[in-house]
>>> print(open('work_15.txt').read())   # compact mmCIF, C-alpha atoms
# COMPACT_ATOMS: atom_id res chain seq x y z
CA MET A 1 -0.60 56.16 -11.67
CA MET A 2 0.56 54.87 -15.06
CA ARG A 3 4.02 54.21 -13.61
CA ARG A 4 2.55 52.08 -10.83
CA ILE A 5 0.56 50.08 -13.37
CA LEU A 6 3.69 49.47 -15.47
CA ILE A 7 5.64 48.34 -12.39
CA LEU A 8 2.82 45.99 -11.39
CA LEU A 9 2.61 44.52 -14.89
CA THR A 10 6.40 44.04 -14.93
CA ILE A 11 6.30 42.17 -11.63
CA LEU A 12 3.41 39.97 -12.74
CA LEU A 13 5.09 39.21 -16.06
CA SER A 14 8.39 38.40 -14.35
CA ASN A 15 6.67 36.04 -11.93
CA GLN A 16 4.91 34.35 -14.81
CA LEU A 17 8.11 33.91 -16.80
CA PHE A 18 10.19 32.63 -13.92
CA GLY A 19 7.35 30.40 -12.74
CA GLN A 20 7.02 28.57 -16.03
CA ASP A 21 8.01 24.92 -15.90
CA LYS A 22 10.82 23.62 -18.03
CA THR A 23 9.40 21.94 -21.15
CA THR A 24 12.51 20.93 -23.15
CA PHE A 25 14.78 18.21 -21.78
CA SER A 26 17.98 16.48 -22.71
CA LEU A 27 18.34 12.87 -21.59
CA ALA A 28 20.45 13.87 -18.58
CA GLU A 29 17.97 16.61 -17.61
CA ALA A 30 15.03 14.21 -17.91
CA GLU A 31 16.76 11.70 -15.65
CA GLU A 32 17.65 14.38 -13.11
CA PHE A 33 14.08 15.67 -13.16
CA SER A 34 12.78 12.17 -12.43
CA VAL A 35 15.15 11.75 -9.48
CA THR A 36 13.85 14.99 -7.97
CA ASN A 37 10.15 14.31 -8.58
CA SER A 38 9.77 10.53 -8.32
CA GLN A 39 7.44 9.47 -5.52
CA LYS A 40 9.24 6.12 -5.29
CA ILE A 41 12.54 7.84 -4.54
CA LYS A 42 10.83 10.09 -1.99
CA ASN A 43 9.46 6.99 -0.26
CA VAL A 44 12.81 5.20 -0.05
CA GLN A 45 14.37 8.43 1.26
CA LEU A 46 11.70 8.43 3.97
CA ASP A 47 12.63 4.80 4.64
CA LEU A 48 16.18 6.00 5.32
CA GLU A 49 14.85 8.54 7.81
CA ILE A 50 12.86 5.79 9.52
CA THR A 51 16.00 3.66 9.64
CA GLU A 52 17.94 6.50 11.29
CA LYS A 53 15.23 6.72 13.94
CA LYS A 54 15.38 2.96 14.45
CA VAL A 55 19.15 3.18 15.01
CA TRP A 56 18.53 5.59 17.86
CA GLU A 57 15.69 3.38 19.11
CA THR A 58 18.15 0.47 19.34
CA ILE A 59 20.81 2.59 21.07
CA ALA A 60 18.25 3.79 23.61
CA ILE A 61 17.65 0.23 24.79
CA GLY A 62 21.08 0.27 26.47
CA LEU A 63 20.58 3.70 28.08
CA PRO A 64 18.89 4.31 31.46
CA GLN A 65 15.18 3.60 31.48
CA VAL A 66 13.19 5.64 33.99
CA ASN A 67 9.55 5.03 34.82
CA ALA A 68 7.27 6.70 37.34
CA GLU A 69 4.19 5.07 38.79
CA GLY A 70 1.54 6.34 41.15
CA THR A 71 -1.39 4.52 42.77
CA PHE A 72 -4.31 5.51 44.96
CA ASN A 73 -6.35 2.89 46.85
CA ASN A 74 -9.59 3.35 48.74
CA MET A 75 -10.34 0.23 50.77
CA ILE A 76 -14.10 0.26 51.12
CA ASP A 77 -13.85 -2.85 53.27
CA ILE A 78 -10.60 -3.12 55.21
CA PRO A 79 -9.48 -6.77 55.30
CA THR A 80 -10.28 -8.51 58.60
CA SER A 81 -7.87 -10.98 60.19
CA VAL A 82 -8.93 -13.68 62.67
CA VAL A 83 -6.42 -15.14 65.19
CA ASP A 84 -6.44 -17.07 68.47
CA ALA A 85 -7.23 -14.59 71.26
CA THR A 86 -4.63 -16.17 73.56
CA ILE A 87 -1.89 -14.62 71.37
CA PHE A 88 -2.75 -11.21 72.75
CA ASN A 89 -4.58 -12.26 75.98
CA PRO A 90 -3.19 -15.36 77.67
CA THR A 91 -6.13 -15.45 80.06
CA ALA A 92 -8.65 -15.73 77.26
CA PRO A 93 -10.62 -19.00 77.19
CA PRO A 94 -9.12 -21.58 74.81
CA GLY A 95 -10.66 -21.49 71.33
CA THR A 96 -11.66 -17.87 71.61
CA LEU A 97 -11.10 -15.99 68.34
CA MET A 98 -10.09 -12.40 68.02
CA GLU A 99 -10.95 -10.25 65.01
CA PHE A 100 -9.04 -7.16 63.99
CA GLN A 101 -8.49 -4.99 60.91
CA MET A 102 -5.07 -3.93 59.71
CA GLY A 103 -4.48 -0.95 57.43
CA GLN A 104 -6.06 2.39 56.59
CA PRO A 105 -8.89 3.02 54.16
CA TYR A 106 -6.83 5.47 52.07
CA ASN A 107 -3.43 4.56 50.66
CA VAL A 108 -1.23 6.49 48.18
CA SER A 109 2.04 5.27 46.68
CA GLY A 110 4.50 6.99 44.30
CA THR A 111 7.37 4.98 42.78
CA ILE A 112 10.30 5.76 40.48
CA ASN A 113 12.09 2.85 38.79
CA VAL A 114 15.47 3.21 37.09
CA ASN A 115 16.88 0.33 35.01
CA GLN A 116 20.25 0.19 33.30
CA LEU A 117 21.42 -2.57 31.00
CA LEU A 118 25.05 -3.43 31.80
CA PHE A 119 25.70 -6.28 29.41
CA ASP A 120 23.66 -8.19 26.84
CA GLY A 121 25.12 -9.99 23.83
CA SER A 122 21.99 -9.54 21.72
CA TYR A 123 22.04 -5.79 22.40
CA ILE A 124 25.62 -5.50 21.12
CA VAL A 125 24.69 -7.42 17.97
CA GLY A 126 21.60 -5.25 17.62
CA LEU A 127 23.74 -2.09 17.65
CA GLN A 128 25.98 -3.47 14.91
CA PHE A 129 22.97 -4.56 12.86
CA SER A 130 21.14 -1.21 13.18
CA LYS A 131 24.10 0.62 11.61
CA PHE A 132 24.30 -1.98 8.85
CA TYR A 133 20.54 -1.68 8.29
CA LYS A 134 21.06 2.02 7.60
CA LYS A 135 23.61 1.06 4.94
CA MET A 136 21.02 -1.27 3.36
CA ALA A 137 18.50 1.56 3.27
CA GLN A 138 21.02 3.77 1.44
CA THR A 139 21.67 0.96 -1.05
CA ASN A 140 17.92 0.77 -1.66
CA ILE A 141 17.88 4.51 -2.41
CA ASP A 142 20.77 4.13 -4.87
CA LYS A 143 19.13 1.16 -6.59
CA THR A 144 15.74 2.86 -6.83
CA THR A 145 17.43 5.96 -8.28
CA VAL A 146 19.15 3.90 -10.96
CA ASP A 147 15.93 2.00 -11.73
CA ILE A 148 14.02 5.26 -12.18
CA LYS A 149 16.76 6.65 -14.43
CA MET A 150 16.72 3.49 -16.55
CA MET A 151 12.95 3.66 -16.99
CA VAL A 152 13.23 7.32 -18.01
CA ARG A 153 16.12 6.48 -20.33
CA GLU A 154 14.06 3.78 -22.04
CA ALA A 155 11.04 6.07 -22.33
CA TYR A 156 13.24 8.88 -23.71
CA TYR A 157 14.67 6.51 -26.33
CA ASN A 158 11.14 5.46 -27.31
CA VAL A 159 10.15 9.09 -27.89
CA LEU A 160 13.21 9.64 -30.09
CA VAL A 161 12.43 6.51 -32.11
CA ALA A 162 8.76 7.47 -32.47
CA ASN A 163 9.74 10.99 -33.52
CA LYS A 164 12.18 9.60 -36.10
CA ASN A 165 9.45 7.36 -37.49
CA THR A 166 7.08 10.33 -37.74
CA ILE A 167 9.67 12.35 -39.68
CA LEU A 168 10.20 9.46 -42.11
CA MET A 169 6.45 9.08 -42.65
CA ASP A 170 6.12 12.81 -43.20
CA SER A 171 8.87 12.77 -45.84
CA ILE A 172 7.24 9.95 -47.80
CA GLN A 173 3.81 11.55 -47.49
CA LEU A 174 5.11 14.82 -48.88
CA SER A 175 6.73 13.25 -51.93
CA THR A 176 3.67 11.07 -52.58
CA LYS A 177 1.32 14.04 -52.32
CA THR A 178 3.45 16.07 -54.75
CA LEU A 179 3.41 13.22 -57.27
CA TRP A 180 -0.33 12.69 -56.83
CA GLU A 181 -1.08 16.38 -57.46
CA GLN A 182 1.15 16.43 -60.55
CA THR A 183 -0.54 13.30 -61.88
CA LYS A 184 -3.93 14.95 -61.47
CA VAL A 185 -2.88 17.52 -64.03
CA PHE A 186 -1.92 14.77 -66.53
CA TYR A 187 -5.24 13.00 -65.92
CA GLU A 188 -7.28 16.18 -66.35
CA ASN A 189 -5.52 16.77 -69.70
CA GLY A 190 -6.22 13.18 -70.79
CA PHE A 191 -2.62 11.92 -70.80
CA ILE A 192 -3.10 9.06 -68.26
CA LEU A 193 -5.85 6.68 -67.21
CA LYS A 194 -7.98 7.05 -64.10
CA GLU A 195 -6.46 3.82 -62.78
CA ASP A 196 -3.01 5.39 -62.50
CA LEU A 197 -4.42 8.35 -60.62
CA ASP A 198 -6.33 6.04 -58.23
CA GLN A 199 -3.15 4.05 -57.51
CA LEU A 200 -1.39 7.21 -56.37
CA GLU A 201 -4.36 8.29 -54.30
CA LEU A 202 -4.35 4.86 -52.66
CA ALA A 203 -0.63 5.21 -51.95
CA TYR A 204 -1.16 8.66 -50.45
CA ASN A 205 -4.02 7.43 -48.24
CA ARG A 206 -1.93 4.49 -47.05
CA ILE A 207 1.02 6.69 -46.07
CA SER A 208 -1.38 9.14 -44.39
CA VAL A 209 -2.72 6.30 -42.21
CA ASN A 210 0.83 5.28 -41.35
CA LYS A 211 1.71 8.85 -40.45
CA THR A 212 -1.36 9.14 -38.21
CA ASN A 213 -0.37 5.95 -36.42
CA ALA A 214 3.21 7.24 -36.06
CA GLU A 215 1.96 10.50 -34.54
CA SER A 216 -0.27 8.55 -32.15
CA GLN A 217 2.67 6.39 -31.07
CA LEU A 218 4.75 9.52 -30.54
CA ASN A 219 2.06 11.02 -28.32
CA ILE A 220 1.81 7.79 -26.30
CA ALA A 221 5.61 7.64 -25.94
CA LYS A 222 5.69 11.23 -24.68
CA ASN A 223 2.98 10.54 -22.11
CA LEU A 224 4.89 7.50 -20.88
CA LEU A 225 8.03 9.62 -20.55
CA LYS A 226 6.08 12.21 -18.55
CA LEU A 227 4.78 9.48 -16.27
CA GLN A 228 8.24 8.02 -15.65
CA MET A 229 9.68 11.49 -15.01
CA GLY A 230 6.94 12.54 -12.61
CA TYR A 231 6.15 15.34 -15.06
CA ASP A 232 2.68 16.87 -15.29
CA LEU A 233 0.79 14.96 -18.00
CA LYS A 234 -1.10 18.13 -18.97
CA ASN A 235 2.07 20.04 -19.85
CA LYS A 236 3.85 19.85 -23.19
CA ILE A 237 7.27 18.26 -23.38
CA GLU A 238 9.98 18.44 -26.02
CA LEU A 239 13.30 16.64 -26.38
CA SER A 240 16.48 18.56 -27.14
CA GLU A 241 18.26 15.49 -28.54
CA ASN A 242 17.57 13.50 -31.71
CA LEU A 243 17.94 9.83 -32.51
CA ASP A 244 20.79 10.15 -35.00
CA ASP A 245 23.01 12.06 -32.56
CA LEU A 246 22.17 9.62 -29.78
CA VAL A 247 23.06 6.59 -31.91
CA THR A 248 26.34 8.30 -32.81
CA GLN A 249 27.12 8.92 -29.14
CA ILE A 250 26.36 5.29 -28.27
CA SER A 251 28.51 3.96 -31.11
CA GLU A 252 31.42 6.18 -30.06
CA ALA A 253 31.15 5.10 -26.42
CA ASN A 254 30.75 1.43 -27.46
CA PRO A 255 29.44 -0.20 -24.26
CA THR A 256 30.88 -3.59 -25.28
CA LEU A 257 34.41 -2.26 -24.62
CA LYS A 258 33.66 -1.35 -21.01
CA PRO A 259 34.98 -3.75 -18.35
CA PHE A 260 32.42 -5.31 -16.04
CA THR A 261 33.05 -4.64 -12.34
CA LEU A 262 31.09 -7.23 -10.41
CA GLU A 263 31.10 -5.22 -7.19
CA ASN A 264 29.18 -2.36 -8.87
CA ASN A 265 26.22 -4.52 -9.85
CA PHE A 266 23.24 -3.96 -7.55
CA ASP A 267 22.15 -7.60 -7.61
CA TYR A 268 25.62 -8.59 -6.41
CA ILE A 269 25.65 -5.81 -3.78
CA MET A 270 22.27 -6.83 -2.39
CA VAL A 271 22.98 -10.56 -2.24
CA ASN A 272 26.18 -9.77 -0.32
CA GLN A 273 24.19 -7.60 2.06
CA LYS A 274 21.84 -10.55 2.53
CA LEU A 275 24.91 -12.60 3.51
CA GLN A 276 25.95 -9.96 6.04
CA LEU A 277 22.41 -9.83 7.37
CA ASP A 278 22.43 -13.57 8.02
CA GLU A 279 25.86 -13.28 9.65
CA PHE A 280 24.28 -10.91 12.19
CA ALA A 281 21.53 -13.45 12.73
CA LEU A 282 24.17 -16.09 13.52
CA LYS A 283 25.95 -13.72 15.93
CA ASN A 284 22.64 -13.04 17.65
CA GLU A 285 21.95 -16.76 18.15
CA LYS A 286 25.43 -17.26 19.60
CA ALA A 287 24.98 -14.23 21.87
CA LYS A 288 22.04 -15.98 23.52
CA TYR A 289 24.55 -18.26 25.25
CA LEU A 290 25.94 -15.25 27.16
CA PRO A 291 24.52 -13.92 30.43
CA SER A 292 22.53 -10.71 30.63
CA ILE A 293 23.37 -8.21 33.39
CA GLY A 294 21.33 -5.21 34.47
CA ALA A 295 21.16 -2.77 37.39
CA PHE A 296 18.06 -1.25 38.94
CA LEU A 297 17.07 1.42 41.44
CA THR A 298 13.61 1.79 42.95
CA HIS A 299 12.41 4.54 45.25
CA SER A 300 8.88 4.87 46.54
CA GLN A 301 6.92 7.09 48.92
CA ASN A 302 3.87 5.64 50.67
CA ALA A 303 1.17 7.28 52.76
CA TYR A 304 -1.68 5.74 54.76
CA ARG A 305 -4.62 7.79 56.02
CA GLY A 306 -7.81 7.21 57.87
CA GLU A 307 -9.21 10.33 56.18
CA PHE A 308 -8.54 11.74 52.72
CA ASP A 309 -6.08 14.39 53.87
CA PHE A 310 -3.05 13.66 51.68
CA PHE A 311 -2.66 17.32 50.80
CA ASP A 312 -2.29 18.35 54.44
CA ASN A 313 1.26 18.91 55.60
CA GLY A 314 0.87 17.01 58.82
CA GLY A 315 0.63 13.48 57.41
CA ALA A 316 3.64 11.17 57.29
CA TRP A 317 5.12 9.65 54.12
CA TYR A 318 7.20 6.47 54.38
CA PRO A 319 10.09 6.02 51.91
CA THR A 320 11.41 2.76 50.50
CA THR A 321 14.61 2.68 48.40
CA ILE A 322 16.10 -0.42 46.80
CA TRP A 323 18.98 -0.90 44.36
CA GLY A 324 20.58 -4.00 43.01
CA VAL A 325 22.09 -5.90 40.13
CA GLY A 326 20.38 -8.73 38.29
CA VAL A 327 22.12 -11.47 36.35
CA LYS A 328 20.34 -13.85 34.01
CA VAL A 329 22.45 -16.86 33.03
CA PRO A 330 21.15 -19.28 30.37
CA ILE A 331 21.81 -22.84 31.49
CA LEU A 332 19.63 -25.34 29.66
CA SER A 333 17.34 -24.87 26.66
CA SER A 334 17.03 -28.57 25.76
CA GLY A 335 18.97 -27.98 22.54
CA GLN A 336 16.89 -25.05 21.21
CA ARG A 337 19.79 -22.58 21.15
CA PHE A 338 22.08 -25.16 19.58
CA VAL A 339 19.76 -25.99 16.67
CA LYS A 340 19.07 -22.30 16.03
CA VAL A 341 22.80 -21.70 15.68
CA GLN A 342 23.05 -24.65 13.30
CA GLN A 343 20.13 -23.33 11.24
CA ALA A 344 21.80 -19.91 10.97
CA LYS A 345 25.01 -21.56 9.76
CA ILE A 346 23.09 -23.49 7.09
CA VAL A 347 21.48 -20.26 5.87
CA LEU A 348 24.97 -18.75 5.50
CA GLU A 349 26.03 -21.71 3.36
CA GLN A 350 22.98 -21.14 1.17
CA ASP A 351 23.92 -17.46 0.81
CA LYS A 352 27.45 -18.35 -0.28
CA ASN A 353 26.09 -20.78 -2.86
CA THR A 354 23.73 -18.07 -4.12
CA ILE A 355 26.61 -15.61 -4.49
CA THR A 356 28.68 -18.11 -6.46
CA ASP A 357 25.72 -18.85 -8.72
CA LEU A 358 25.04 -15.13 -9.18
CA LYS A 359 28.67 -14.44 -10.13
CA ASN A 360 28.50 -17.03 -12.89
CA GLY A 361 25.11 -15.75 -14.03
CA LEU A 362 26.26 -12.13 -14.22
CA LYS A 363 29.40 -13.05 -16.17
CA PHE A 364 27.26 -15.04 -18.60
CA GLN A 365 24.84 -12.12 -18.86
CA GLU A 366 27.73 -9.79 -19.69
CA LEU A 367 28.91 -12.03 -22.53
CA GLN A 368 25.37 -12.54 -23.83
CA LEU A 369 24.44 -8.84 -23.79
CA LYS A 370 27.68 -7.73 -25.42
CA THR A 371 27.25 -10.33 -28.17
CA SER A 372 23.60 -9.36 -28.68
CA TYR A 373 24.51 -5.67 -28.77
CA LYS A 374 27.19 -6.22 -31.42
CA SER A 375 24.79 -8.27 -33.53
CA ALA A 376 22.00 -5.70 -33.16
CA TYR A 377 24.37 -2.86 -34.04
CA LYS A 378 25.52 -4.61 -37.23
CA MET A 379 21.89 -5.26 -38.12
CA MET A 380 21.09 -1.58 -37.57
CA GLU A 381 23.92 -0.53 -39.89
CA LEU A 382 22.65 -2.89 -42.60
CA GLU A 383 19.07 -1.68 -42.20
CA GLU A 384 20.30 1.92 -42.39
CA LYS A 385 21.92 1.11 -45.74
CA ASN A 386 18.75 -0.68 -46.87
CA ILE A 387 16.62 2.32 -46.05
CA ALA A 388 18.95 4.56 -48.07
CA LEU A 389 18.73 2.14 -51.02
CA ALA A 390 14.96 1.80 -50.73
CA LYS A 391 14.57 5.57 -50.60
CA SER A 392 16.78 6.00 -53.66
CA ILE A 393 14.78 3.36 -55.55
CA TYR A 394 11.51 5.00 -54.52
CA MET A 395 12.63 8.48 -55.59
CA ASN A 396 13.85 7.09 -58.92
CA SER A 397 10.46 5.49 -59.50
CA VAL A 398 8.79 8.80 -58.63
CA ASN A 399 10.98 10.64 -61.15
CA LYS A 400 10.35 8.00 -63.79
CA LYS A 401 6.63 8.28 -63.14
CA LYS A 402 6.85 12.00 -63.79
CA GLU A 403 8.53 11.20 -67.10
CA GLY A 404 5.98 8.48 -67.87
CA ALA A 405 8.59 5.68 -67.86
CA VAL A 406 6.77 3.64 -65.17
CA ASN A 407 3.17 3.35 -64.05
CA ALA A 408 1.64 4.28 -60.68
CA LEU A 409 1.53 0.65 -59.53
CA ASN A 410 5.31 0.48 -59.70
CA VAL A 411 5.53 3.63 -57.57
CA THR A 412 3.26 2.17 -54.88
CA GLN A 413 5.31 -1.03 -54.84
CA MET A 414 8.48 0.96 -54.28
CA GLN A 415 6.71 2.93 -51.58
CA ASN A 416 5.77 -0.28 -49.74
CA GLN A 417 9.37 -1.42 -50.04
CA LEU A 418 10.55 1.84 -48.49
CA LEU A 419 8.01 1.56 -45.66
CA GLN A 420 9.19 -1.97 -44.91
CA ALA A 421 12.82 -0.82 -44.92
CA GLU A 422 12.00 2.02 -42.53
CA GLY A 423 10.09 -0.32 -40.25
CA SER A 424 13.01 -2.74 -40.17
CA TYR A 425 15.42 0.09 -39.44
CA ILE A 426 13.29 1.41 -36.58
CA ASN A 427 13.09 -2.09 -35.06
CA ALA A 428 16.85 -2.51 -35.40
CA VAL A 429 17.47 0.81 -33.63
CA MET A 430 15.12 -0.20 -30.82
CA GLN A 431 17.03 -3.47 -30.37
CA VAL A 432 20.33 -1.58 -30.08
CA LEU A 433 18.84 0.80 -27.51
CA LYS A 434 17.28 -2.11 -25.61
CA TYR A 435 20.63 -3.91 -25.23
CA LYS A 436 22.30 -0.60 -24.38
CA ILE A 437 19.89 -0.10 -21.47
CA GLU A 438 20.39 -3.67 -20.24
CA LEU A 439 24.16 -3.18 -20.33
CA ASP A 440 23.75 0.08 -18.42
CA LYS A 441 21.78 -1.78 -15.75
CA LEU A 442 24.38 -4.53 -15.58
CA PHE A 443 27.26 -2.06 -15.26
CA ASN A 444 25.28 0.28 -12.98
CA GLU A 445 25.98 2.99 -15.55
CA GLN A 446 24.33 6.18 -14.33
>>> encode(input="work_15.txt", output="structure tokens")
Amino acid sequence: MMRRILILLTILLSNQLFGQDKTTFSLAEAEEFSVTNSQKIKNVQLDLEITEKKVWETIAIGLPQVNAEGTFNNMIDIPTSVVDATIFNPTAPPGTLMEFQMGQPYNVSGTINVNQLLFDGSYIVGLQFSKFYKKMAQTNIDKTTVDIKMMVREAYYNVLVANKNTILMDSIQLSTKTLWEQTKVFYENGFILKEDLDQLELAYNRISVNKTNAESQLNIAKNLLKLQMGYDLKNKIELSENLDDLVTQISEANPTLKPFTLENNFDYIMVNQKLQLDEFALKNEKAKYLPSIGAFLTHSQNAYRGEFDFFDNGGAWYPTTIWGVGVKVPILSSGQRFVKVQQAKIVLEQDKNTITDLKNGLKFQELQLKTSYKSAYKMMELEEKNIALAKSIYMNSVNKKKEGAVNALNVTQMQNQLLQAEGSYINAVMQVLKYKIELDKLFNEQ
């Protein structure tokens, strides 16, 4: 009995362990998680499935179309015809009319129609377009995937920055608290004034508020990352990378040295697909000048009864079978087809102008982003040096305060200077990461 209990507990524990969700992510893992769990990506993937069905829908237009039709008629009043009686009886007095009814009160008809398209210019263009439309749907999946990754990347960077800020606040808070507690001892023994002690308490309270705000920003940044990843907001999440390592990786990769391939940019890809789309529209308008040819086959069985006895084997059924070929030739549209072709050509000219304008814009964007990135990176390096200097100055003032060489007001002033330096450094890092993300989008860097 005990053995069974142990086995059961082992199974339950194993299921629990293997069923636990992953809670620690690298940047690459976070991006991959978002691709798997994003509802937007799932929707565009469903769009691709719809597109594949539409391709077959278009192909089916040119395949045989078979329809069956059945009718039952009960003539409550059989139509009466009136003719000159002399038609059937030459001896009848002139002007005499003869009435008679033609038909049976019960009629049943069953018909099968088969239609086959032999040639249609618009159908051929439609086949070409349906395959291209599938390619557009795949491009939309790729673009949506990159967009989701970029949003996760930005959110991941924000968490790293917020975490770095929290660590900096915690470091300053710890040193301030230590100094404050040491100063209490001097005050209690009558070596310093109450004013000096109050200054340090004020400094400690100020840094505590800043730390609380930093922790709040970190929590908000994590929730945003969860949202972008499609991760359960109730679950905890941790990052396996830190800001310093990430900045080092970015500086070593140096995105400003990467060549820009225009054909990889999604904006350029999509505007070219718009051009191809309008080329199909022009082909379709031209195809309307061509004739349309189709074949058909119709077979029907008809029965006429005076009584409702269609299920009896004795009644006769009369067949009718027809086949043929139909040709529809466009002759005159009073200029409608001509002006539609001209409109389609004008749209193509607009597309070409748009592509040229986009090329110039993307090249300008490349130069602008690379210049902005270099400037932001230099600023970050300077701010990193400033924060090191400010921290050194602050720690010196703390040590001097312990020795009684400076007062508490000087310490709080150095603390404010350090906080400003840290704030400037954090902003500089965020600018570098911002331009890095924009360059990634431009280069389609996944």
>>> closest_residue(input="work_15.txt", among="A:Thr144, A:Asn115, A:Ser109, A:Thr139", to="A:Lys40", atoms="only C-alpha atoms")
A:Thr144
>>> residues_around(input="work_15.txt", residues="stretch 43-56 of chain A", least_positions_apart="2", cutoff="10 Å", atoms="only C-alpha atoms", output="ChimeraX atom specification")
/A:38-41,58-61,126-145
>>> atom_distance(input="work_15.txt", atom1="atom CA of A:Tyr268", atom2="atom CA of A:Leu367")
16.8 Å
>>> closest_atom_pairs(input="work_15.txt", of="stretch 321-439 of chain A", to="stretch 289-292 of chain A", cutoff="9 Å", atoms="only C-alpha atoms", output="Markdown table")
| residue | atom | partner | partner_atom | distance |
| --- | --- | --- | --- | --- |
| A:Gly326 | CA | A:Ser292 | CA | 8.2 |
| A:Val327 | CA | A:Ser292 | CA | 5.8 |
| A:Lys328 | CA | A:Ser292 | CA | 5.1 |
| A:Val329 | CA | A:Pro291 | CA | 4.4 |
| A:Pro330 | CA | A:Tyr289 | CA | 6.2 |
| A:Ile331 | CA | A:Tyr289 | CA | 8.2 |
| A:Arg337 | CA | A:Tyr289 | CA | 7.6 |
>>> residues_around(input="work_15.txt", residues="stretch 64-71 of chain A", least_positions_apart="5", cutoff="12 Å", atoms="only C-alpha atoms", output="ChimeraX atom specification")
/A:59,106-118,294-303
>>> atom_distance(input="work_15.txt", atom1="atom CA of A:Gln273", atom2="atom CA of A:Gln228")
28.5 Å
>>> atom_distance(input="work_15.txt", atom1="atom CA of A:Ile387", atom2="atom CA of A:Glu215")
20.4 Å
>>> closest_residue(input="work_15.txt", among="A:Ser372, A:Ala316, A:Ala421, A:Tyr377", to="A:Ser392", atoms="all atoms listed in the file")
A:Ala421
>>> closest_residue(input="work_15.txt", among="A:Asn163, A:Thr412, A:Asn313, A:Thr86", to="A:Ile220", atoms="only C-alpha atoms")
A:Asn163
>>> residues_around(input="work_15.txt", residues="A:Thr166", least_positions_apart="5", cutoff="8 Å", atoms="all atoms listed in the file", output="VMD selection string")
chain A and resid 211 214 to 215 218
>>> closest_residue(input="work_15.txt", among="A:Phe280, A:Phe364, A:Phe33, A:Phe25", to="A:Gly230", atoms="only C-alpha atoms")
A:Phe33
>>> residues_around(input="work_15.txt", residues="A:Tyr204", least_positions_apart="5", cutoff="7 Å", atoms="all atoms listed in the file", output="MDAnalysis selection string")
chainID A and resid 173 176:177
